[in-house]
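Have a look at data-v8.tsv below; it lists TSV, C-alpha atoms (C1' of nucleotides).
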```
chain	number	residue	atom	x	y	z
A	3	MET	CA	27.44	63.32	-47.79
A	4	SER	CA	30.95	62.95	-46.52
A	5	ILE	CA	30.45	66.19	-44.62
A	6	SER	CA	27.35	64.77	-43.00
A	7	LEU	CA	29.19	61.61	-42.12
A	8	GLU	CA	31.91	63.59	-40.43
A	9	ILE	CA	29.26	64.87	-38.04
A	10	PHE	CA	27.33	61.72	-37.23
A	11	GLY	CA	29.21	58.94	-38.98
A	12	ASP	CA	29.81	56.87	-35.89
A	13	ARG	CA	28.14	54.34	-33.70
A	14	TRP	CA	26.47	56.74	-31.30
A	15	SER	CA	25.46	60.08	-32.74
A	16	LEU	CA	22.48	58.84	-34.70
A	17	LEU	CA	21.24	56.87	-31.73
A	18	VAL	CA	21.32	60.01	-29.63
A	19	ILE	CA	19.45	61.91	-32.34
A	20	ARG	CA	16.88	59.16	-32.60
A	21	ASP	CA	16.35	59.14	-28.85
A	22	LEU	CA	15.82	62.88	-28.86
A	23	MET	CA	13.44	62.56	-31.77
A	24	VAL	CA	11.14	59.69	-30.95
A	25	ARG	CA	11.74	58.64	-27.40
A	26	GLY	CA	11.33	61.40	-24.93
A	27	TYR	CA	14.99	61.69	-23.98
A	28	ARG	CA	16.21	65.07	-22.84
A	29	THR	CA	19.04	64.72	-20.35
A	30	PHE	CA	22.50	63.29	-20.15
A	31	LYS	CA	21.28	60.66	-17.74
A	32	ASP	CA	18.52	59.55	-20.10
A	33	PHE	CA	21.06	58.74	-22.77
A	34	GLN	CA	23.45	57.13	-20.39
A	35	GLU	CA	20.83	54.76	-19.08
A	36	ALA	CA	19.41	54.05	-22.53
A	37	GLY	CA	20.70	50.54	-22.33
A	38	GLU	CA	23.04	50.48	-25.26
A	39	GLY	CA	25.85	51.53	-22.98
A	40	ILE	CA	27.60	54.62	-24.24
A	41	ALA	CA	30.53	55.71	-22.07
A	42	SER	CA	30.02	59.03	-20.33
A	43	ASN	CA	33.10	60.71	-21.75
A	44	VAL	CA	32.10	59.67	-25.26
A	45	LEU	CA	28.56	60.87	-24.68
A	46	THR	CA	29.88	64.24	-23.56
A	47	GLU	CA	32.02	64.51	-26.64
A	48	ARG	CA	29.19	63.51	-28.99
A	49	LEU	CA	26.75	65.97	-27.50
A	50	ARG	CA	29.32	68.73	-27.85
A	51	ARG	CA	29.96	67.79	-31.43
A	52	LEU	CA	26.28	67.72	-32.27
A	53	GLU	CA	25.88	71.07	-30.60
A	54	ALA	CA	28.80	72.49	-32.56
A	55	ALA	CA	27.21	71.18	-35.74
A	56	GLY	CA	23.97	72.95	-34.90
A	57	ILE	CA	21.95	69.77	-34.53
A	58	VAL	CA	21.15	70.01	-30.84
A	59	THR	CA	20.93	72.81	-28.30
A	60	ARG	CA	21.58	72.60	-24.61
A	61	ASP	CA	19.99	74.72	-21.92
A	62	ALA	CA	19.72	74.42	-18.19
A	63	ALA	CA	16.29	73.46	-16.87
A	64	LYS	CA	14.50	76.19	-14.95
A	65	THR	CA	13.29	73.91	-12.19
A	66	ASP	CA	16.59	72.18	-11.53
A	67	ARG	CA	19.59	74.07	-12.68
A	68	ARG	CA	22.07	71.26	-12.68
A	69	ARG	CA	19.89	69.46	-15.22
A	70	VAL	CA	20.70	70.18	-18.84
A	71	ASN	CA	17.99	69.75	-21.41
A	72	TYR	CA	19.10	68.78	-24.85
A	73	ARG	CA	16.81	69.48	-27.75
A	74	LEU	CA	16.97	69.07	-31.51
A	75	THR	CA	17.28	72.14	-33.67
A	76	GLU	CA	15.37	72.38	-36.93
A	77	LYS	CA	18.45	71.08	-38.66
A	78	GLY	CA	18.27	68.14	-36.30
A	79	ILE	CA	14.60	67.40	-36.78
A	80	ASP	CA	15.20	67.52	-40.53
A	81	LEU	CA	17.04	64.25	-40.12
A	82	ALA	CA	13.72	62.56	-39.45
A	83	PRO	CA	13.14	61.33	-43.04
A	84	MET	CA	16.59	59.82	-43.13
A	85	LEU	CA	16.17	58.09	-39.79
A	86	LEU	CA	12.77	56.81	-40.85
A	87	GLU	CA	14.27	55.23	-43.96
A	88	LEU	CA	17.03	53.72	-41.90
A	89	LEU	CA	14.47	52.32	-39.50
A	90	ILE	CA	12.43	50.84	-42.33
A	91	TRP	CA	15.53	49.30	-43.86
A	92	GLY	CA	16.60	47.80	-40.57
A	93	ALA	CA	13.16	46.39	-39.97
A	94	ARG	CA	13.05	44.82	-43.42
A	95	HIS	CA	16.51	43.32	-43.45
A	96	GLU	CA	17.54	42.72	-39.89
A	97	GLU	CA	15.94	41.17	-36.86
A	98	THR	CA	14.34	43.81	-34.72
A	99	ALA	CA	12.23	43.96	-31.65
A	100	ALA	CA	9.84	46.37	-33.29
A	101	PRO	CA	6.26	45.20	-33.82
A	102	CYS	CA	5.42	44.54	-37.46
A	103	ALA	CA	2.31	46.68	-37.21
A	104	LEU	CA	4.38	49.68	-36.26
A	105	ILE	CA	6.79	49.05	-39.11
A	106	SER	CA	4.17	48.74	-41.80
A	107	ARG	CA	2.51	51.86	-40.49
A	108	MET	CA	5.84	53.64	-40.93
A	109	GLU	CA	6.08	52.49	-44.49
A	110	ASN	CA	2.50	53.16	-45.52
A	111	GLU	CA	1.98	56.42	-43.69
A	112	ARG	CA	5.41	57.85	-44.12
A	113	GLU	CA	4.24	61.42	-44.52
A	114	GLN	CA	1.85	61.37	-41.58
A	115	VAL	CA	4.45	59.81	-39.34
A	116	LEU	CA	6.96	62.48	-40.29
A	117	ALA	CA	4.40	65.23	-39.82
A	118	GLU	CA	3.53	63.92	-36.38
A	119	VAL	CA	7.17	63.69	-35.29
A	120	ARG	CA	7.75	67.21	-36.48
A	121	ARG	CA	4.60	68.50	-34.82
A	122	ARG	CA	5.63	67.06	-31.47
A	123	TRP	CA	8.98	68.69	-31.85
A	124	ARG	CA	7.54	72.05	-32.83
A	125	GLU	CA	4.97	72.10	-30.05
A	126	ASN	CA	7.44	70.78	-27.54
A	127	ASP	CA	5.10	67.87	-26.89
A	128	PRO	CA	6.83	65.85	-24.18
A	129	GLU	CA	5.04	62.63	-25.06
A	130	PRO	CA	7.48	60.22	-26.73
A	131	PHE	CA	6.41	59.18	-30.19
A	132	LEU	CA	7.42	55.61	-29.63
A	133	PRO	CA	6.18	53.59	-26.70
A	134	ARG	CA	8.67	51.42	-24.88
A	135	PHE	CA	8.19	47.77	-25.74
A	136	LYS	CA	9.69	44.64	-24.49
A	137	GLY	CA	12.21	43.49	-27.06
A	138	LYS	CA	15.31	43.14	-24.93
A	139	ASN	CA	16.19	46.73	-24.15
A	140	THR	CA	16.83	48.85	-27.15
A	141	GLY	CA	13.40	49.49	-28.52
A	142	PRO	CA	12.25	49.40	-32.09
A	143	SER	CA	14.73	51.13	-34.20
B	12	MET	CA	18.64	50.81	-35.85
B	13	SER	CA	21.53	50.06	-33.58
B	14	ILE	CA	21.99	46.83	-35.51
B	15	SER	CA	22.15	48.77	-38.75
B	16	LEU	CA	24.63	51.17	-37.25
B	17	GLU	CA	26.86	48.32	-36.21
B	18	ILE	CA	27.16	47.47	-39.89
B	19	PHE	CA	27.71	50.86	-41.45
B	20	GLY	CA	27.92	53.27	-38.55
B	21	ASP	CA	31.33	54.64	-39.44
B	22	ARG	CA	32.97	57.19	-41.65
B	23	TRP	CA	33.47	54.98	-44.70
B	24	SER	CA	30.91	52.27	-45.22
B	25	LEU	CA	28.12	54.51	-46.45
B	26	LEU	CA	30.49	56.28	-48.82
B	27	VAL	CA	31.43	52.94	-50.32
B	28	ILE	CA	27.78	52.01	-50.68
B	29	ARG	CA	27.01	55.34	-52.27
B	30	ASP	CA	29.86	54.96	-54.74
B	31	LEU	CA	28.60	51.53	-55.70
B	32	MET	CA	25.11	52.88	-56.07
B	33	VAL	CA	25.39	56.10	-57.99
B	34	ARG	CA	28.91	56.40	-59.27
B	35	GLY	CA	30.01	53.51	-61.34
B	36	TYR	CA	32.53	52.16	-58.88
B	37	ARG	CA	33.21	48.45	-58.95
B	38	THR	CA	36.77	47.69	-57.89
B	39	PHE	CA	39.04	48.10	-54.92
B	40	LYS	CA	41.10	50.59	-56.85
B	41	ASP	CA	38.08	52.71	-57.72
B	42	PHE	CA	37.32	53.21	-54.06
B	43	GLN	CA	40.88	53.79	-53.12
B	44	GLU	CA	41.30	56.54	-55.67
B	45	ALA	CA	37.92	58.08	-54.91
B	46	GLY	CA	39.61	61.11	-53.47
B	47	GLU	CA	38.38	60.98	-49.91
B	48	GLY	CA	41.38	58.90	-49.01
B	49	ILE	CA	40.40	55.70	-47.31
B	50	ALA	CA	43.37	53.58	-46.21
B	51	SER	CA	43.68	50.28	-48.02
B	52	ASN	CA	43.60	48.13	-44.91
B	53	VAL	CA	40.48	49.88	-43.69
B	54	LEU	CA	38.90	49.54	-47.11
B	55	THR	CA	39.60	45.83	-47.09
B	56	GLU	CA	38.04	45.47	-43.69
B	57	ARG	CA	34.96	47.51	-44.61
B	58	LEU	CA	34.34	45.56	-47.80
B	59	ARG	CA	34.58	42.32	-45.87
B	60	ARG	CA	32.19	43.54	-43.28
B	61	LEU	CA	29.69	44.70	-45.87
B	62	GLU	CA	30.00	41.36	-47.58
B	63	ALA	CA	29.46	39.52	-44.30
B	64	ALA	CA	26.37	41.63	-43.70
B	65	GLY	CA	24.99	40.68	-47.12
B	66	ILE	CA	25.14	44.18	-48.52
B	67	VAL	CA	27.74	43.63	-51.22
B	68	THR	CA	28.99	40.65	-53.16
B	69	ARG	CA	32.43	40.12	-54.58
B	70	ASP	CA	33.33	38.11	-57.63
B	71	ALA	CA	36.40	37.90	-59.81
B	72	ALA	CA	36.06	39.48	-63.23
B	73	LYS	CA	36.06	37.03	-66.13
B	74	THR	CA	38.36	39.08	-68.29
B	75	ASP	CA	40.99	39.81	-65.66
B	76	ARG	CA	41.03	37.42	-62.79
B	77	ARG	CA	42.96	39.51	-60.36
B	78	ARG	CA	40.24	42.16	-60.57
B	79	VAL	CA	37.42	41.81	-58.08
B	80	ASN	CA	34.06	43.29	-58.90
B	81	TYR	CA	32.00	44.45	-55.99
B	82	ARG	CA	28.28	44.81	-56.41
B	83	LEU	CA	25.35	45.71	-54.20
B	84	THR	CA	22.91	43.02	-53.21
B	85	GLU	CA	19.20	43.77	-53.07
B	86	LYS	CA	19.64	44.46	-49.38
B	87	GLY	CA	22.28	46.96	-50.39
B	88	ILE	CA	20.25	48.70	-53.05
B	89	ASP	CA	17.42	48.98	-50.55
B	90	LEU	CA	19.54	51.56	-48.77
B	91	ALA	CA	18.90	53.96	-51.64
B	92	PRO	CA	15.98	55.80	-50.00
B	93	MET	CA	18.02	56.35	-46.87
B	94	LEU	CA	21.02	57.61	-48.79
B	95	LEU	CA	18.81	59.90	-50.80
B	96	GLU	CA	17.40	61.45	-47.65
B	97	LEU	CA	20.88	61.85	-46.28
B	98	LEU	CA	21.96	63.53	-49.48
B	99	ILE	CA	18.99	65.90	-49.39
B	100	TRP	CA	19.69	66.76	-45.78
B	101	GLY	CA	23.33	67.43	-46.47
B	102	ALA	CA	22.47	69.60	-49.42
B	103	ARG	CA	20.01	71.62	-47.40
B	104	HIS	CA	22.10	72.14	-44.31
B	105	GLU	CA	25.73	71.92	-45.30
B	106	GLU	CA	27.83	73.39	-48.02
B	107	THR	CA	28.09	71.01	-50.92
B	108	ALA	CA	29.49	70.99	-54.38
B	109	ALA	CA	26.29	69.58	-55.78
B	110	PRO	CA	24.42	71.71	-58.28
B	111	CYS	CA	21.17	73.07	-56.88
B	112	ALA	CA	19.26	71.85	-59.88
B	113	LEU	CA	20.27	68.29	-59.16
B	114	ILE	CA	19.28	68.64	-55.53
B	115	SER	CA	15.85	70.02	-56.19
B	116	ARG	CA	15.26	67.32	-58.73
B	117	MET	CA	16.10	64.78	-56.05
B	118	GLU	CA	13.58	66.32	-53.71
B	119	ASN	CA	10.80	66.77	-56.21
B	120	GLU	CA	11.18	63.56	-58.13
B	121	ARG	CA	12.15	61.34	-55.27
B	122	GLU	CA	10.31	58.31	-56.53
B	123	GLN	CA	11.56	58.55	-60.10
B	124	VAL	CA	15.11	59.01	-58.96
B	125	LEU	CA	14.87	55.95	-56.76
B	126	ALA	CA	13.25	53.93	-59.51
B	127	GLU	CA	16.00	54.90	-61.91
B	128	VAL	CA	18.78	53.99	-59.48
B	129	ARG	CA	17.14	50.66	-58.85
B	130	ARG	CA	16.59	50.03	-62.56
B	131	ARG	CA	20.24	50.62	-63.31
B	132	TRP	CA	21.18	48.23	-60.57
B	133	ARG	CA	18.75	45.55	-61.72
B	134	GLU	CA	19.76	45.77	-65.35
B	135	ASN	CA	23.41	46.03	-64.48
B	136	ASP	CA	23.57	49.30	-66.36
B	137	PRO	CA	27.20	50.38	-66.11
B	138	GLU	CA	26.44	54.06	-66.65
B	139	PRO	CA	26.91	55.97	-63.38
B	140	PHE	CA	23.80	57.74	-62.24
B	141	LEU	CA	25.72	60.80	-61.16
B	142	PRO	CA	28.03	62.65	-63.47
B	143	ARG	CA	31.34	63.79	-62.08
B	144	PHE	CA	31.38	67.53	-61.51
B	145	LYS	CA	33.97	69.93	-60.49
B	146	GLY	CA	33.36	70.79	-56.84
B	147	LYS	CA	36.71	70.03	-55.29
B	148	ASN	CA	36.88	66.27	-55.41
B	149	THR	CA	34.12	64.49	-53.61
B	150	GLY	CA	31.15	65.00	-55.81
B	151	PRO	CA	27.62	65.83	-54.88
B	152	SER	CA	26.71	63.83	-51.89
C	23	DG	C1'	21.97	74.17	7.83
C	24	DG	C1'	24.81	70.31	7.41
C	25	DA	C1'	24.84	65.71	5.50
C	26	DT	C1'	23.60	63.33	1.60
C	27	DC	C1'	22.08	62.63	-3.03
C	28	DT	C1'	21.85	63.75	-8.08
C	29	DT	C1'	23.40	65.42	-12.31
C	30	DA	C1'	26.63	66.30	-15.70
C	31	DC	C1'	30.44	65.92	-16.49
C	32	DT	C1'	36.38	64.93	-15.98
C	33	DT	C1'	40.33	62.21	-15.44
C	34	DG	C1'	43.44	58.27	-15.92
C	35	DC	C1'	44.49	54.36	-18.07
C	36	DA	C1'	44.35	50.05	-20.85
C	37	DT	C1'	42.63	48.37	-25.16
C	38	DT	C1'	41.20	48.93	-29.73
C	39	DC	C1'	40.89	51.23	-34.09
C	40	DT	C1'	42.76	54.15	-37.72
C	41	DG	C1'	45.94	56.18	-41.04
C	42	DC	C1'	50.07	55.83	-43.52
C	43	DA	C1'	53.85	53.72	-45.92
C	44	DA	C1'	55.80	49.80	-47.54
C	45	DG	C1'	55.67	45.19	-49.25
C	46	DC	C1'	53.86	41.00	-51.63
C	47	DG	C1'	51.82	37.33	-54.55
C	48	DA	C1'	48.99	36.13	-58.34
C	49	DG	C1'	47.77	37.35	-62.73
C	50	DA	C1'	48.26	40.40	-66.98
C	51	DT	C1'	51.10	42.92	-70.33
C	52	DT	C1'	55.15	43.84	-73.28
D	20	DA	C1'	61.53	36.96	-68.97
D	21	DA	C1'	60.86	41.40	-67.11
D	22	DT	C1'	57.67	44.54	-65.68
D	23	DC	C1'	53.29	46.24	-64.31
D	24	DT	C1'	48.74	46.09	-62.07
D	25	DC	C1'	45.46	44.74	-58.67
D	26	DG	C1'	43.93	43.49	-54.33
D	27	DC	C1'	45.30	42.96	-50.58
D	28	DT	C1'	48.88	42.39	-45.80
D	29	DT	C1'	52.02	43.98	-42.49
D	30	DG	C1'	54.21	47.08	-39.13
D	31	DC	C1'	53.83	50.78	-36.53
D	32	DA	C1'	52.66	55.39	-34.45
D	33	DG	C1'	48.96	58.07	-32.98
D	34	DA	C1'	44.06	58.71	-32.17
D	35	DA	C1'	39.69	57.11	-30.46
D	36	DT	C1'	37.09	54.23	-27.27
D	37	DG	C1'	35.58	51.81	-23.06
D	38	DC	C1'	35.70	51.50	-18.19
D	39	DA	C1'	36.10	52.85	-13.43
D	40	DA	C1'	36.68	56.32	-10.41
D	41	DG	C1'	36.39	61.05	-9.05
D	42	DT	C1'	34.47	65.88	-8.70
D	43	DA	C1'	31.91	70.31	-8.49
D	44	DA	C1'	27.61	72.50	-8.43
D	45	DG	C1'	23.02	72.27	-7.32
D	46	DA	C1'	18.95	69.94	-4.96
D	47	DT	C1'	16.90	67.30	-1.01
D	48	DC	C1'	16.21	65.71	3.56
D	49	DC	C1'	16.08	65.76	8.32
```

Show me, as structure tokens, the structure contained in the file I just sent.
Amino acid sequence: MSISLEIFGDRWSLLVIRDLMVRGYRTFKDFQEAGEGIASNVLTERLRRLEAAGIVTRDAAKTDRRRVNYRLTEKGIDLAPMLLELLIWGARHEETAAPCALISRMENEREQVLAEVRRRWRENDPEPFLPRFKGKNTGPS
Amino acid sequence: MSISLEIFGDRWSLLVIRDLMVRGYRTFKDFQEAGEGIASNVLTERLRRLEAAGIVTRDAAKTDRRRVNYRLTEKGIDLAPMLLELLIWGARHEETAAPCALISRMENEREQVLAEVRRRWRENDPEPFLPRFKGKNTGPS
DNA sequence: GGATCTTACTTGCATTCTGCAAGCGAGATT
DNA sequence: AATCTCGCTTGCAGAATGCAAGTAAGATCC
């Protein structure tokens, strides 16, 4: 566990992973504009670290070659159960902007939710799992 | 999720919570000697933060009043599923000292393991859930 | 095809956080 | 009474972070 925490035991890494997983974020700019305000140099460093740890991959987009697409590896998508539990915990114990219906679905249909997230990843489904909703800016999790 | 990460999104907090949960750690000294080497000032600050967030409580021991016993609140023990998933992930994707048998038990008997951890917490069972074993120093997670 | 815009970063710098060693006061032990 | 233990503080050097500005390569527009 301490090894894991050396990789993503900080304020930002898990947020980046979450955004890759359930929002449709792909590019540097997506993360930068995500609203929670990560500094660009820190974002660069985190993405490099996650890449070095084998959690994300980066490749240049075919259509626009200055654009870099980040994507979770299988090791990365395997963090889904953990993130789901973290989300459920946060929803139960802290104030969140997430709709209650969504939360209880997450709790009751844990396995289906995980299967769906994984399916979208596997099939490269570009549709974000989570819709944007209007709690301030950060979304549900 | 970003709220949660503000509380324990750092290198140490989750390790402290884990040690409270599955090793039998109670006191400042226990954590300090845990082998991963957290600095005492940082430990102080983390324990205060966790207390402020309602995840741990502190109370002076009756027998020795300079000793402070830290204990998880219900909010704290509710992190067990998340920590378990993190542990499973780490065991699957990183090198760990944890015995494979223990890991596969965690995966296959998820619910029982969680119930047992929670039972020990509720009944104040002092017996650590995890035995110490000899992989370097940090233990299984 | 040159000017302009976008994207993914770098760079510089001030502020904050962290790690380490030492110290300290209240309470326990001898 | 002297000493030891426990849970912290304190001081300080070095690392990490946040912020603003800059830059190079690639795309877009007229």

Exercise: residues within 10 Å of coordinate (37.4, 64.2, -7.2), counting only C-alpha atoms (C1' of nucleotides), as a PDB file with C-alpha atoms (C1' of nucleotides), keeping the file's coordinate frame:
```pdb
ATOM      1  C1'  DT C  32      36.380  64.930 -15.980  1.00  0.00           C
ATOM      2  C1'  DT C  33      40.330  62.210 -15.440  1.00  0.00           C
TER       3       DT C  33
ATOM      4  C1'  DA D  40      36.680  56.320 -10.410  1.00  0.00           C
ATOM      5  C1'  DG D  41      36.390  61.050  -9.050  1.00  0.00           C
ATOM      6  C1'  DT D  42      34.470  65.880  -8.700  1.00  0.00           C
ATOM      7  C1'  DA D  43      31.910  70.310  -8.490  1.00  0.00           C
TER       8       DA D  43
END
```

Distance cut-off 6 Å, counting all atoms listed in the file - which residues of chain A neighbour chain B? Return them as number ranges by chain. A: 3, 6-7, 11-13, 84, 87-89, 92, 143

Take every atom of stretch 21-24 of chain D listed in the file, fit an axis-aligned box around them, add 4 Å per side, and give the centre and edge lengths in Å to one decimal as JSON.
```
{"center_x": 54.8, "center_y": 43.8, "center_z": -64.6, "size_x": 20.1, "size_y": 12.8, "size_z": 13.0}
```

For chain A against chain C, which residues fall within 7 Å using all atoms listed in the file, given as a VMD selection string? chain A and resid 30 68 to 69

Report as a Markdown table: every residue of chain B with an atom at most 10 Å from chain D, its closest pair of atoms, and their distance in Å to one decimal, counting all atoms listed in the file, with rows sorted by chain and ascending residue number.
```
| residue | atom | partner | partner_atom | distance |
| --- | --- | --- | --- | --- |
| B:Thr38 | CA | D:DG26 | C1' | 9.0 |
| B:Phe39 | CA | D:DG26 | C1' | 6.7 |
| B:Lys40 | CA | D:DC25 | C1' | 7.5 |
| B:Ser51 | CA | D:DC27 | C1' | 7.9 |
| B:Asn52 | CA | D:DT28 | C1' | 7.8 |
| B:Leu54 | CA | D:DC27 | C1' | 9.8 |
| B:Thr55 | CA | D:DC27 | C1' | 7.3 |
| B:Asp75 | CA | D:DC25 | C1' | 9.7 |
| B:Arg76 | CA | D:DC25 | C1' | 9.5 |
| B:Arg77 | CA | D:DC25 | C1' | 6.0 |
| B:Arg78 | CA | D:DC25 | C1' | 6.1 |
| B:Val79 | CA | D:DG26 | C1' | 7.7 |
```

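In this model, the gap between atom CA of A:Thr65 and atom CA of A:Glu118 comes to 27.9 Å.
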
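Note that atom CA of B:Pro142 and atom CA of B:Arg34 are 7.6 Å apart.
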
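Computed from the coordinates, the atom CA of B:Ile88 to atom CA of A:Leu132 distance equals 27.6 Å.
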